[in-house]
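Remarks on the structure that follows.
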Amino acid sequence: MLRASFQPSGQSQRKQRGSILVLVTVALLTILIMAAMALESGHLLLSKTRLQNAVDSAALSAAISVVKEGNDHSTARQDGIATLLAVLGNVDFSQLQEDIDTASLTYTQNQVAPQVAVEFSLQPDPFIVTTDTSAEYVRVRVENVQLATYLGQAINMDKFTSASAVAGPSLPLVNCAENVLPMMVCEGDTPGEPFGYPRGNIMSMKISSQQDSAIGAGNFQLIRLGDSSGAADIRAAMAGENSSTNYCFGGSEGVSTEPGNNVGPVATGMNTRLGIYHGGTVNSTDHPRDKDICVGEELDINDDDEIVYADDGEVVDITTGTPTLYRYSDYADNYVDNTVDGGSRFQNSCAATGDSWDSNGGAKRREFAVVVGDCDGLANGQNNDIVFKGFACFYFMQEVIQKGNLAYVIGEFVDDCTGTGNPTQDTSADDGPFTIVLYRDPDNKDS
């Protein structure tokens with residue numbers, strides 16, 4: 001049998017080796033490009049996410065400054081940029097900080113820095129830039145941030161990123177709360193304080209049976225909770241029969257007040273919280289006293305509606321602690337069990353006697369929430385659609401004072417206890433409690 005063999009020439013072998021070298025080179029180049037693209041794309045996405053977080057924080061800060069704190073646009077820009085720089089100052093953001101020029105900042109104009117703008121609009125969408133000082137929606141833009149490249153240098157790749165964020169007030173919130181009394185307190189007039197009432201101040205809340213008396217800061221009117229109406233329901237609600245029911249206010253619906261002479265039912269119902277029962281319409285079984293019914297020196301109201309000491313008529317300093325008065329701090333201490341640390345169960349002499357504390361009583365019955373409304377231009381009696389401002393928490397200090405057709409509830413403003421709430425979907429609602437939220441920038445789909 002004959003066998004044939006073929007031996008490639010040297011020239012053919014060199015051609016094959018050359019082709020393989022080309023293929024390997026192309027493959028390596030392709031792998032390098034793909035690796036560069038993957039690395040640079042990942043770095044770009046990470047940087048953009050970090051930049052978005054930074055401008056989100058800046059926009060929220062600027063919006064809080066102009067809406068909540070009442071600052072002008074220049075101050076709001078300064079606050080927003082301060083937050084932006086604080087975020088960029090973190091270790092993870094250090095590279096972005098180097099890539100954004102903030103050497104020279106101008107807060108009196110929209111273009112704060114070459115790459116940074118802080119603008120204002122009267123609405124979030126469409127966002128129309130304006131100089132109107134009443135504009136409360138803020139947009140922070142950071143543009144043309146050139147990022148460092150790594151493997152991308154091999155293919156002359158440049159990376160740029162931008163981000164923007166819009167922030168401002170939400171639609172009015174619908175807020176709900178339990179342990180609400182059927183009382184609407186008019187908003188106070190102390191600037192810079194929650195609802196215009198300084199925290200920790202002793203205050204008197206007054207109700208009148210006269211239908212034509214003006215109402216304002218420090219006054220309250222009765223409101224209808226659910227289906228309740230009339231003196232009997234007012235008395236029961238004041239005594240806390242509906243304390244576990246969740247009542248909601250806000251949105252486009254205002255607060256409606258309950259007319260009628262209910263001064264007596266207010267006092268009868270509220271005084272049960274101190275273990276005081278009158279008239280046979282309330283009782284200790286259905287309306288238990290608070291565990292702690294300690295009351296300090298008796299207070300009264302003079303002819304000028306000032307809070308005075310009952311024994312000598314001296315006006316009370318409502319802003320500072322007084323040893324003879326049983327303040328909220330004393331009351332709150334009695335609900336803290338410090339015996340585990342070797343302390344006393346009771347933190348004050350009144351409860352330590354054992355005469356004012358009853359473990360079978362209702363827990364914290366002297367704390368409650370009331371509705372706060374905007375009473376501007378309103379008179380006593382029937383009012384509808386009063387703007388709901390939120391819930392205020394009060395501490396009930398002593399027995400309700402009755403003077404003819406007036407009743408005074410003396411207590412201490414503890415805090416704004418309005419919840420975060422849920423925004424109403426009614427875009428026609430333009431007043432009431434709100435929060436500061438982020439909006440999607442209509443001019444930037446990536447925001």
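Ordering of the structure tokens sets the chain letters (A, B, ...); residue numbers start at 1 within each chain; ligands are numbered from 1 in the order shown.
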
Sorted by chain and rising residue number, list the residues of range 191-263 of chain A at most 12 Å from range 57-70 of chain A (counting only C-alpha atoms), each with its closest atom pair and distance in Å to one decimal, as JSON lines.
{"residue": "A:Pro191", "atom": "CA", "partner": "A:Glu69", "partner_atom": "CA", "distance": 10.7}
{"residue": "A:Gly192", "atom": "CA", "partner": "A:Glu69", "partner_atom": "CA", "distance": 8.1}
{"residue": "A:Glu193", "atom": "CA", "partner": "A:Glu69", "partner_atom": "CA", "distance": 10.8}
{"residue": "A:Pro194", "atom": "CA", "partner": "A:Lys68", "partner_atom": "CA", "distance": 11.0}

Mind the document's chain letters and residue numbers, and return as a PyMOL selection string the residues of range 198-419 of chain A that DSSP labels helix (DSSP H, G or I). chain A and resi 230-238+263-274+328-333+339-341+349-352

Of the listed residues A:Asn348, A:Leu44, A:Thr190, A:Val91, that which approaches Tyr150 in chain A most closely, counting only C-alpha atoms: A:Leu44

Quick one: everything within 12 Å of Asp303 in chain A, counting only C-alpha atoms, minus sequence neighbours fewer than 5 positions away in the same chain. Send it as a PDB file with N, CA, C and O atoms, in the first residue's frame.
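Output file selection_39.pdb follows:
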ATOM      1  N   VAL A 308     -53.155  82.386  88.070  1.00  0.00           N
ATOM      2  CA  VAL A 308     -52.663  82.907  89.342  1.00  0.00           C
ATOM      3  C   VAL A 308     -52.761  81.816  90.408  1.00  0.00           C
ATOM      4  O   VAL A 308     -53.458  80.804  90.230  1.00  0.00           O
ATOM      5  N   GLY A 313     -53.509  85.161  94.668  1.00  0.00           N
ATOM      6  CA  GLY A 313     -53.753  85.869  93.418  1.00  0.00           C
ATOM      7  C   GLY A 313     -52.505  86.276  92.669  1.00  0.00           C
ATOM      8  O   GLY A 313     -52.579  87.003  91.667  1.00  0.00           O
ATOM      9  N   VAL A 315     -49.575  86.182  90.056  1.00  0.00           N
ATOM     10  CA  VAL A 315     -49.478  85.606  88.720  1.00  0.00           C
ATOM     11  C   VAL A 315     -48.385  84.553  88.691  1.00  0.00           C
ATOM     12  O   VAL A 315     -47.284  84.754  89.227  1.00  0.00           O
ATOM     13  N   LYS A 403     -66.301  79.272  85.804  1.00  0.00           N
ATOM     14  CA  LYS A 403     -66.662  80.637  86.208  1.00  0.00           C
ATOM     15  C   LYS A 403     -67.838  81.081  85.355  1.00  0.00           C
ATOM     16  O   LYS A 403     -67.669  81.564  84.243  1.00  0.00           O
ATOM     17  N   LEU A 406     -68.061  80.194  81.614  1.00  0.00           N
ATOM     18  CA  LEU A 406     -66.717  79.884  81.138  1.00  0.00           C
ATOM     19  C   LEU A 406     -66.169  78.664  81.876  1.00  0.00           C
ATOM     20  O   LEU A 406     -66.517  78.410  83.033  1.00  0.00           O
TER      21      LEU A 406
END

Write out as a ChimeraX atom specification each polymer residue whose atoms come within 9 Å of Ser244 in chain A, counting only C-alpha atoms; drop sequence neighbours fewer than 5 positions from it. /A:178-180

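For the residues A:Leu85, A:Ala163, A:Met203, A:Val437, ranking by smallest atom-to-atom distance to Pro124 in chain A using only C-alpha atoms places A:Val437 first.
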
Which of range 159-390 of chain A counts as strand (DSSP E or B) under DSSP, as a PDB file with N, CA and C atoms, in the first residue's frame please?
ATOM      1  N   LYS A 159     -15.775  59.954  31.109  1.00  0.00           N
ATOM      2  CA  LYS A 159     -17.019  59.682  31.830  1.00  0.00           C
ATOM      3  C   LYS A 159     -17.519  60.975  32.468  1.00  0.00           C
ATOM      4  N   PHE A 160     -18.799  61.273  32.246  1.00  0.00           N
ATOM      5  CA  PHE A 160     -19.449  62.427  32.850  1.00  0.00           C
ATOM      6  C   PHE A 160     -20.754  61.969  33.487  1.00  0.00           C
ATOM      7  N   THR A 161     -21.139  62.617  34.574  1.00  0.00           N
ATOM      8  CA  THR A 161     -22.428  62.314  35.189  1.00  0.00           C
ATOM      9  C   THR A 161     -23.066  63.595  35.701  1.00  0.00           C
ATOM     10  N   SER A 162     -24.370  63.544  35.878  1.00  0.00           N
ATOM     11  CA  SER A 162     -25.144  64.673  36.402  1.00  0.00           C
ATOM     12  C   SER A 162     -26.269  64.115  37.263  1.00  0.00           C
ATOM     13  N   ALA A 163     -26.861  64.971  38.089  1.00  0.00           N
ATOM     14  CA  ALA A 163     -28.001  64.551  38.910  1.00  0.00           C
ATOM     15  C   ALA A 163     -28.790  65.789  39.309  1.00  0.00           C
ATOM     16  N   SER A 164     -30.071  65.589  39.527  1.00  0.00           N
ATOM     17  CA  SER A 164     -30.922  66.682  40.000  1.00  0.00           C
ATOM     18  C   SER A 164     -31.987  66.118  40.927  1.00  0.00           C
ATOM     19  N   ALA A 165     -32.501  66.973  41.797  1.00  0.00           N
ATOM     20  CA  ALA A 165     -33.546  66.557  42.730  1.00  0.00           C
ATOM     21  C   ALA A 165     -34.461  67.735  43.005  1.00  0.00           C
ATOM     22  N   VAL A 166     -35.755  67.446  43.138  1.00  0.00           N
ATOM     23  CA  VAL A 166     -36.763  68.458  43.459  1.00  0.00           C
ATOM     24  C   VAL A 166     -37.392  68.091  44.800  1.00  0.00           C
ATOM     25  N   ALA A 167     -37.515  69.069  45.679  1.00  0.00           N
ATOM     26  CA  ALA A 167     -38.123  68.833  46.991  1.00  0.00           C
ATOM     27  C   ALA A 167     -39.030  70.004  47.344  1.00  0.00           C
ATOM     28  N   GLY A 168     -40.020  69.716  48.188  1.00  0.00           N
ATOM     29  CA  GLY A 168     -40.941  70.764  48.619  1.00  0.00           C
ATOM     30  C   GLY A 168     -42.064  70.175  49.439  1.00  0.00           C
ATOM     31  N   PRO A 169     -43.049  70.999  49.796  1.00  0.00           N
ATOM     32  CA  PRO A 169     -44.143  70.511  50.631  1.00  0.00           C
ATOM     33  C   PRO A 169     -45.017  69.495  49.901  1.00  0.00           C
ATOM     34  N   LEU A 173     -51.601  66.463  54.601  1.00  0.00           N
ATOM     35  CA  LEU A 173     -51.639  65.108  55.122  1.00  0.00           C
ATOM     36  C   LEU A 173     -52.957  64.823  55.829  1.00  0.00           C
ATOM     37  N   VAL A 174     -53.379  63.587  55.743  1.00  0.00           N
ATOM     38  CA  VAL A 174     -54.476  63.104  56.567  1.00  0.00           C
ATOM     39  C   VAL A 174     -53.834  62.418  57.762  1.00  0.00           C
ATOM     40  N   ASN A 175     -54.073  62.970  58.963  1.00  0.00           N
ATOM     41  CA  ASN A 175     -53.471  62.444  60.180  1.00  0.00           C
ATOM     42  C   ASN A 175     -54.510  61.784  61.057  1.00  0.00           C
ATOM     43  N   CYS A 176     -54.117  60.714  61.701  1.00  0.00           N
ATOM     44  CA  CYS A 176     -55.009  59.987  62.599  1.00  0.00           C
ATOM     45  C   CYS A 176     -54.327  59.844  63.953  1.00  0.00           C
ATOM     46  N   ALA A 177     -55.125  59.797  65.014  1.00  0.00           N
ATOM     47  CA  ALA A 177     -54.580  59.637  66.362  1.00  0.00           C
ATOM     48  C   ALA A 177     -55.636  59.034  67.271  1.00  0.00           C
ATOM     49  N   VAL A 180     -57.904  61.069  71.579  1.00  0.00           N
ATOM     50  CA  VAL A 180     -58.210  62.440  71.167  1.00  0.00           C
ATOM     51  C   VAL A 180     -59.456  62.919  71.901  1.00  0.00           C
ATOM     52  N   LEU A 181     -59.384  64.108  72.493  1.00  0.00           N
ATOM     53  CA  LEU A 181     -60.561  64.708  73.105  1.00  0.00           C
ATOM     54  C   LEU A 181     -61.333  65.500  72.062  1.00  0.00           C
ATOM     55  N   PRO A 182     -62.630  65.684  72.276  1.00  0.00           N
ATOM     56  CA  PRO A 182     -63.419  66.449  71.301  1.00  0.00           C
ATOM     57  C   PRO A 182     -63.194  67.949  71.457  1.00  0.00           C
ATOM     58  N   MET A 183     -61.938  68.353  71.407  1.00  0.00           N
ATOM     59  CA  MET A 183     -61.552  69.750  71.583  1.00  0.00           C
ATOM     60  C   MET A 183     -60.720  70.203  70.402  1.00  0.00           C
ATOM     61  N   MET A 184     -60.987  71.406  69.938  1.00  0.00           N
ATOM     62  CA  MET A 184     -60.133  72.032  68.945  1.00  0.00           C
ATOM     63  C   MET A 184     -59.563  73.299  69.557  1.00  0.00           C
ATOM     64  N   VAL A 185     -58.258  73.314  69.736  1.00  0.00           N
ATOM     65  CA  VAL A 185     -57.573  74.478  70.286  1.00  0.00           C
ATOM     66  C   VAL A 185     -57.135  75.376  69.136  1.00  0.00           C
ATOM     67  N   CYS A 186     -57.354  76.670  69.304  1.00  0.00           N
ATOM     68  CA  CYS A 186     -56.910  77.600  68.275  1.00  0.00           C
ATOM     69  C   CYS A 186     -55.392  77.724  68.302  1.00  0.00           C
ATOM     70  N   ILE A 202     -47.076  76.327  81.117  1.00  0.00           N
ATOM     71  CA  ILE A 202     -48.409  76.123  81.668  1.00  0.00           C
ATOM     72  C   ILE A 202     -49.362  77.028  80.899  1.00  0.00           C
ATOM     73  N   MET A 203     -50.515  76.514  80.542  1.00  0.00           N
ATOM     74  CA  MET A 203     -51.466  77.324  79.786  1.00  0.00           C
ATOM     75  C   MET A 203     -52.883  76.966  80.197  1.00  0.00           C
ATOM     76  N   SER A 204     -53.777  77.891  79.993  1.00  0.00           N
ATOM     77  CA  SER A 204     -55.192  77.632  80.244  1.00  0.00           C
ATOM     78  C   SER A 204     -55.923  77.636  78.918  1.00  0.00           C
ATOM     79  N   MET A 205     -56.762  76.638  78.723  1.00  0.00           N
ATOM     80  CA  MET A 205     -57.593  76.561  77.529  1.00  0.00           C
ATOM     81  C   MET A 205     -59.020  76.888  77.955  1.00  0.00           C
ATOM     82  N   LYS A 206     -59.612  77.869  77.314  1.00  0.00           N
ATOM     83  CA  LYS A 206     -60.903  78.401  77.745  1.00  0.00           C
ATOM     84  C   LYS A 206     -61.999  78.070  76.745  1.00  0.00           C
ATOM     85  N   ILE A 207     -63.171  77.724  77.279  1.00  0.00           N
ATOM     86  CA  ILE A 207     -64.357  77.555  76.451  1.00  0.00           C
ATOM     87  C   ILE A 207     -65.464  78.418  77.022  1.00  0.00           C
ATOM     88  N   SER A 208     -66.266  78.996  76.146  1.00  0.00           N
ATOM     89  CA  SER A 208     -67.373  79.838  76.564  1.00  0.00           C
ATOM     90  C   SER A 208     -68.675  79.288  76.003  1.00  0.00           C
ATOM     91  N   ALA A 214     -65.649  85.978  70.449  1.00  0.00           N
ATOM     92  CA  ALA A 214     -64.543  85.698  69.524  1.00  0.00           C
ATOM     93  C   ALA A 214     -63.666  84.599  70.098  1.00  0.00           C
ATOM     94  N   ASN A 219     -57.957  79.606  73.249  1.00  0.00           N
ATOM     95  CA  ASN A 219     -59.363  79.221  73.365  1.00  0.00           C
ATOM     96  C   ASN A 219     -59.589  77.883  72.681  1.00  0.00           C
ATOM     97  N   PHE A 220     -60.663  77.207  73.066  1.00  0.00           N
ATOM     98  CA  PHE A 220     -60.991  75.971  72.379  1.00  0.00           C
ATOM     99  C   PHE A 220     -62.484  75.876  72.144  1.00  0.00           C
ATOM    100  N   GLN A 221     -62.825  75.111  71.140  1.00  0.00           N
ATOM    101  CA  GLN A 221     -64.213  74.793  70.858  1.00  0.00           C
ATOM    102  C   GLN A 221     -64.367  73.280  70.826  1.00  0.00           C
ATOM    103  N   LEU A 222     -65.581  72.834  71.019  1.00  0.00           N
ATOM    104  CA  LEU A 222     -65.847  71.407  70.986  1.00  0.00           C
ATOM    105  C   LEU A 222     -66.087  70.963  69.559  1.00  0.00           C
ATOM    106  N   ILE A 223     -65.644  69.774  69.239  1.00  0.00           N
ATOM    107  CA  ILE A 223     -65.821  69.237  67.901  1.00  0.00           C
ATOM    108  C   ILE A 223     -66.503  67.882  67.998  1.00  0.00           C
ATOM    109  N   TYR A 247     -59.187  58.607  65.218  1.00  0.00           N
ATOM    110  CA  TYR A 247     -59.891  59.684  64.524  1.00  0.00           C
ATOM    111  C   TYR A 247     -58.928  60.366  63.554  1.00  0.00           C
ATOM    112  N   CYS A 248     -59.425  60.663  62.366  1.00  0.00           N
ATOM    113  CA  CYS A 248     -58.582  61.224  61.308  1.00  0.00           C
ATOM    114  C   CYS A 248     -59.076  62.606  60.899  1.00  0.00           C
ATOM    115  N   PHE A 249     -58.133  63.483  60.616  1.00  0.00           N
ATOM    116  CA  PHE A 249     -58.428  64.841  60.173  1.00  0.00           C
ATOM    117  C   PHE A 249     -57.433  65.239  59.096  1.00  0.00           C
ATOM    118  N   GLY A 250     -57.815  66.241  58.315  1.00  0.00           N
ATOM    119  CA  GLY A 250     -56.882  66.784  57.338  1.00  0.00           C
ATOM    120  C   GLY A 250     -57.368  66.611  55.923  1.00  0.00           C
ATOM    121  N   GLU A 253     -60.882  68.224  53.837  1.00  0.00           N
ATOM    122  CA  GLU A 253     -61.980  68.396  54.774  1.00  0.00           C
ATOM    123  C   GLU A 253     -61.480  69.091  56.031  1.00  0.00           C
ATOM    124  N   VAL A 255     -62.262  71.009  59.960  1.00  0.00           N
ATOM    125  CA  VAL A 255     -62.815  70.598  61.244  1.00  0.00           C
ATOM    126  C   VAL A 255     -64.109  71.367  61.480  1.00  0.00           C
ATOM    127  N   THR A 257     -67.040  72.459  64.283  1.00  0.00           N
ATOM    128  CA  THR A 257     -67.217  72.593  65.721  1.00  0.00           C
ATOM    129  C   THR A 257     -68.648  72.271  66.125  1.00  0.00           C
ATOM    130  N   ASP A 290     -56.820  58.458  86.847  1.00  0.00           N
ATOM    131  CA  ASP A 290     -55.432  58.182  86.478  1.00  0.00           C
ATOM    132  C   ASP A 290     -54.763  57.440  87.629  1.00  0.00           C
ATOM    133  N   ASP A 292     -52.037  58.265  88.746  1.00  0.00           N
ATOM    134  CA  ASP A 292     -51.423  59.354  89.513  1.00  0.00           C
ATOM    135  C   ASP A 292     -52.344  60.573  89.464  1.00  0.00           C
ATOM    136  N   LEU A 299     -54.425  76.455  91.465  1.00  0.00           N
ATOM    137  CA  LEU A 299     -54.344  77.617  90.586  1.00  0.00           C
ATOM    138  C   LEU A 299     -55.734  78.140  90.277  1.00  0.00           C
ATOM    139  N   ASP A 300     -55.772  79.395  89.875  1.00  0.00           N
ATOM    140  CA  ASP A 300     -57.050  80.033  89.530  1.00  0.00           C
ATOM    141  C   ASP A 300     -56.822  80.939  88.327  1.00  0.00           C
ATOM    142  N   ILE A 301     -57.887  81.522  87.833  1.00  0.00           N
ATOM    143  CA  ILE A 301     -57.838  82.452  86.697  1.00  0.00           C
ATOM    144  C   ILE A 301     -58.378  83.795  87.160  1.00  0.00           C
ATOM    145  N   ILE A 307     -53.188  83.102  84.705  1.00  0.00           N
ATOM    146  CA  ILE A 307     -53.111  82.006  85.660  1.00  0.00           C
ATOM    147  C   ILE A 307     -52.452  82.531  86.938  1.00  0.00           C
ATOM    148  N   VAL A 308     -53.155  82.386  88.070  1.00  0.00           N
ATOM    149  CA  VAL A 308     -52.663  82.907  89.342  1.00  0.00           C
ATOM    150  C   VAL A 308     -52.761  81.816  90.408  1.00  0.00           C
ATOM    151  N   TYR A 309     -52.037  82.027  91.522  1.00  0.00           N
ATOM    152  CA  TYR A 309     -52.183  81.129  92.661  1.00  0.00           C
ATOM    153  C   TYR A 309     -53.493  81.458  93.376  1.00  0.00           C
ATOM    154  N   VAL A 315     -49.575  86.182  90.056  1.00  0.00           N
ATOM    155  CA  VAL A 315     -49.478  85.606  88.720  1.00  0.00           C
ATOM    156  C   VAL A 315     -48.385  84.553  88.691  1.00  0.00           C
ATOM    157  N   TRP A 357     -51.310  57.719  94.229  1.00  0.00           N
ATOM    158  CA  TRP A 357     -51.008  56.693  93.224  1.00  0.00           C
ATOM    159  C   TRP A 357     -51.862  55.458  93.471  1.00  0.00           C
ATOM    160  N   GLY A 362     -56.320  54.117  85.549  1.00  0.00           N
ATOM    161  CA  GLY A 362     -56.006  54.120  84.124  1.00  0.00           C
ATOM    162  C   GLY A 362     -54.638  54.716  83.867  1.00  0.00           C
ATOM    163  N   GLU A 367     -52.832  62.610  80.187  1.00  0.00           N
ATOM    164  CA  GLU A 367     -52.255  63.005  78.904  1.00  0.00           C
ATOM    165  C   GLU A 367     -53.277  62.752  77.819  1.00  0.00           C
ATOM    166  N   PHE A 368     -53.412  63.676  76.893  1.00  0.00           N
ATOM    167  CA  PHE A 368     -54.364  63.483  75.799  1.00  0.00           C
ATOM    168  C   PHE A 368     -53.987  64.381  74.626  1.00  0.00           C
ATOM    169  N   ALA A 369     -54.588  64.093  73.490  1.00  0.00           N
ATOM    170  CA  ALA A 369     -54.349  64.888  72.279  1.00  0.00           C
ATOM    171  C   ALA A 369     -55.575  65.722  71.963  1.00  0.00           C
ATOM    172  N   VAL A 370     -55.356  66.914  71.486  1.00  0.00           N
ATOM    173  CA  VAL A 370     -56.447  67.768  71.017  1.00  0.00           C
ATOM    174  C   VAL A 370     -56.113  68.247  69.610  1.00  0.00           C
ATOM    175  N   VAL A 371     -57.130  68.541  68.865  1.00  0.00           N
ATOM    176  CA  VAL A 371     -56.963  69.060  67.512  1.00  0.00           C
ATOM    177  C   VAL A 371     -56.568  70.529  67.580  1.00  0.00           C
ATOM    178  N   VAL A 372     -55.653  70.943  66.723  1.00  0.00           N
ATOM    179  CA  VAL A 372     -55.280  72.361  66.604  1.00  0.00           C
ATOM    180  C   VAL A 372     -55.782  72.868  65.268  1.00  0.00           C
ATOM    181  N   GLY A 373     -56.474  74.005  65.300  1.00  0.00           N
ATOM    182  CA  GLY A 373     -57.028  74.573  64.073  1.00  0.00           C
ATOM    183  C   GLY A 373     -56.657  76.026  63.895  1.00  0.00           C
ATOM    184  N   ALA A 379     -65.718  83.083  65.052  1.00  0.00           N
ATOM    185  CA  ALA A 379     -66.382  83.371  66.314  1.00  0.00           C
ATOM    186  C   ALA A 379     -66.826  82.067  66.937  1.00  0.00           C
ATOM    187  N   ILE A 386     -62.848  74.368  59.309  1.00  0.00           N
ATOM    188  CA  ILE A 386     -61.694  75.026  59.924  1.00  0.00           C
ATOM    189  C   ILE A 386     -60.440  74.242  59.530  1.00  0.00           C
ATOM    190  N   PHE A 388     -57.332  72.223  59.590  1.00  0.00           N
ATOM    191  CA  PHE A 388     -56.682  71.348  60.570  1.00  0.00           C
ATOM    192  C   PHE A 388     -55.175  71.546  60.493  1.00  0.00           C
ATOM    193  N   LYS A 389     -54.550  71.860  61.644  1.00  0.00           N
ATOM    194  CA  LYS A 389     -53.114  72.108  61.682  1.00  0.00           C
ATOM    195  C   LYS A 389     -52.318  70.947  62.281  1.00  0.00           C
ATOM    196  N   GLY A 390     -52.985  70.094  63.067  1.00  0.00           N
ATOM    197  CA  GLY A 390     -52.277  68.965  63.654  1.00  0.00           C
ATOM    198  C   GLY A 390     -52.854  68.589  65.007  1.00  0.00           C
TER     199      GLY A 390
END

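If you count only C-alpha atoms and ignore residues fewer than 3 places along the chain from Asp355 in chain A, what sits within 9 Å of it is Ile293, Cys294, Cys350, Ala351, Ala352 and Asp358 of chain A.
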
Output C-alpha atoms of each residue in that selection to a file, as a PDB file, in the first residue's frame.
ATOM      1  CA  ILE A 293     -53.806  62.110  90.634  1.00  0.00           C
ATOM      2  CA  CYS A 294     -51.269  64.241  92.451  1.00  0.00           C
ATOM      3  CA  CYS A 350     -46.729  63.808  96.499  1.00  0.00           C
ATOM      4  CA  ALA A 351     -46.875  60.334  94.975  1.00  0.00           C
ATOM      5  CA  ALA A 352     -44.412  58.916  97.485  1.00  0.00           C
ATOM      6  CA  ASP A 358     -53.297  53.763  92.494  1.00  0.00           C
TER       7      ASP A 358
END

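The protein and nucleic acid residues lying at most 10 Å from Glu298 in chain A are Val295, Gly296, Asp300, Val308, Tyr309, Ala310, Asp311, Thr324, Leu325, Tyr326, Met397, Gln398 and Glu399 of chain A, with only C-alpha atoms considered and sequence neighbours fewer than 2 positions away removed.
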
Using the selection just defined, write its residues with all heavy atoms as a compact mmCIF listing (two decimals), in the first residue's frame.
# COMPACT_ATOMS: atom_id res chain seq x y z
N VAL A 295 -51.87 66.59 92.63
CA VAL A 295 -52.07 67.96 92.20
C VAL A 295 -51.28 68.87 93.12
O VAL A 295 -51.31 68.71 94.34
CB VAL A 295 -53.57 68.34 92.23
CG1 VAL A 295 -53.75 69.82 91.90
CG2 VAL A 295 -54.36 67.48 91.26
N GLY A 296 -50.58 69.82 92.55
CA GLY A 296 -49.80 70.75 93.35
C GLY A 296 -50.65 71.88 93.89
O GLY A 296 -51.87 71.76 94.06
N ASP A 300 -55.77 79.39 89.88
CA ASP A 300 -57.05 80.03 89.53
C ASP A 300 -56.82 80.94 88.33
O ASP A 300 -55.69 81.10 87.86
CB ASP A 300 -57.58 80.83 90.73
CG ASP A 300 -59.07 81.13 90.62
OD1 ASP A 300 -59.69 80.72 89.62
OD2 ASP A 300 -59.60 81.78 91.54
N VAL A 308 -53.16 82.39 88.07
CA VAL A 308 -52.66 82.91 89.34
C VAL A 308 -52.76 81.82 90.41
O VAL A 308 -53.46 80.80 90.23
CB VAL A 308 -53.46 84.15 89.79
CG1 VAL A 308 -53.31 85.28 88.79
CG2 VAL A 308 -54.93 83.80 89.99
N TYR A 309 -52.04 82.03 91.52
CA TYR A 309 -52.18 81.13 92.66
C TYR A 309 -53.49 81.46 93.38
O TYR A 309 -53.80 82.63 93.62
CB TYR A 309 -51.00 81.29 93.62
CG TYR A 309 -49.69 80.81 93.03
CD1 TYR A 309 -48.74 81.72 92.57
CD2 TYR A 309 -49.40 79.46 92.94
CE1 TYR A 309 -47.54 81.28 92.02
CE2 TYR A 309 -48.20 79.01 92.40
CZ TYR A 309 -47.28 79.93 91.95
OH TYR A 309 -46.09 79.51 91.40
N ALA A 310 -54.25 80.43 93.73
CA ALA A 310 -55.57 80.63 94.30
C ALA A 310 -55.51 81.30 95.67
O ALA A 310 -56.43 82.07 96.02
CB ALA A 310 -56.29 79.29 94.41
N ASP A 311 -54.44 81.08 96.43
CA ASP A 311 -54.42 81.60 97.80
C ASP A 311 -54.10 83.08 97.87
O ASP A 311 -54.59 83.79 98.76
CB ASP A 311 -53.43 80.81 98.65
CG ASP A 311 -52.01 80.89 98.11
OD1 ASP A 311 -51.84 81.32 96.96
OD2 ASP A 311 -51.07 80.52 98.86
N THR A 324 -43.89 74.09 94.10
CA THR A 324 -45.23 73.86 94.65
C THR A 324 -46.21 73.36 93.61
O THR A 324 -47.34 73.00 93.95
CB THR A 324 -45.78 75.16 95.26
OG1 THR A 324 -45.83 76.17 94.24
CG2 THR A 324 -44.90 75.63 96.40
N LEU A 325 -45.81 73.36 92.34
CA LEU A 325 -46.70 72.91 91.26
C LEU A 325 -46.29 71.50 90.82
O LEU A 325 -45.11 71.15 90.85
CB LEU A 325 -46.64 73.86 90.07
CG LEU A 325 -47.12 75.30 90.34
CD1 LEU A 325 -46.98 76.14 89.08
CD2 LEU A 325 -48.57 75.31 90.84
N TYR A 326 -47.27 70.74 90.41
CA TYR A 326 -47.00 69.37 89.96
C TYR A 326 -46.97 69.41 88.44
O TYR A 326 -47.99 69.36 87.77
CB TYR A 326 -48.11 68.44 90.47
CG TYR A 326 -47.76 66.97 90.38
CD1 TYR A 326 -46.79 66.41 91.18
CD2 TYR A 326 -48.42 66.15 89.47
CE1 TYR A 326 -46.46 65.07 91.09
CE2 TYR A 326 -48.12 64.80 89.37
CZ TYR A 326 -47.14 64.27 90.19
OH TYR A 326 -46.83 62.94 90.10
N MET A 397 -53.45 69.41 84.57
CA MET A 397 -52.81 69.67 85.85
C MET A 397 -53.75 69.60 87.05
O MET A 397 -53.37 69.12 88.12
CB MET A 397 -52.13 71.05 85.83
CG MET A 397 -50.89 71.11 84.96
SD MET A 397 -50.04 72.71 85.06
CE MET A 397 -49.50 72.72 86.77
N GLN A 398 -54.97 70.13 86.91
CA GLN A 398 -55.87 70.20 88.07
C GLN A 398 -57.32 70.24 87.60
O GLN A 398 -57.60 70.25 86.41
CB GLN A 398 -55.56 71.43 88.91
CG GLN A 398 -55.90 72.75 88.21
CD GLN A 398 -55.87 73.94 89.15
OE1 GLN A 398 -54.92 74.13 89.89
NE2 GLN A 398 -56.94 74.73 89.14
N GLU A 399 -58.23 70.23 88.56
CA GLU A 399 -59.66 70.23 88.28
C GLU A 399 -60.04 71.42 87.40
O GLU A 399 -59.49 72.52 87.53
CB GLU A 399 -60.43 70.30 89.60
CG GLU A 399 -61.93 70.20 89.47
CD GLU A 399 -62.62 70.20 90.83
OE1 GLU A 399 -61.92 70.17 91.86
OE2 GLU A 399 -63.87 70.22 90.86

Contact residues around Asp92 in chain A with only C-alpha atoms at 12 Å, ignoring same-chain residues under 2 positions, as JSON, numbers by chain: {"A": [46, 47, 49, 50, 51, 53, 54, 86, 87, 88, 89, 90, 94, 95, 96, 97, 98]}
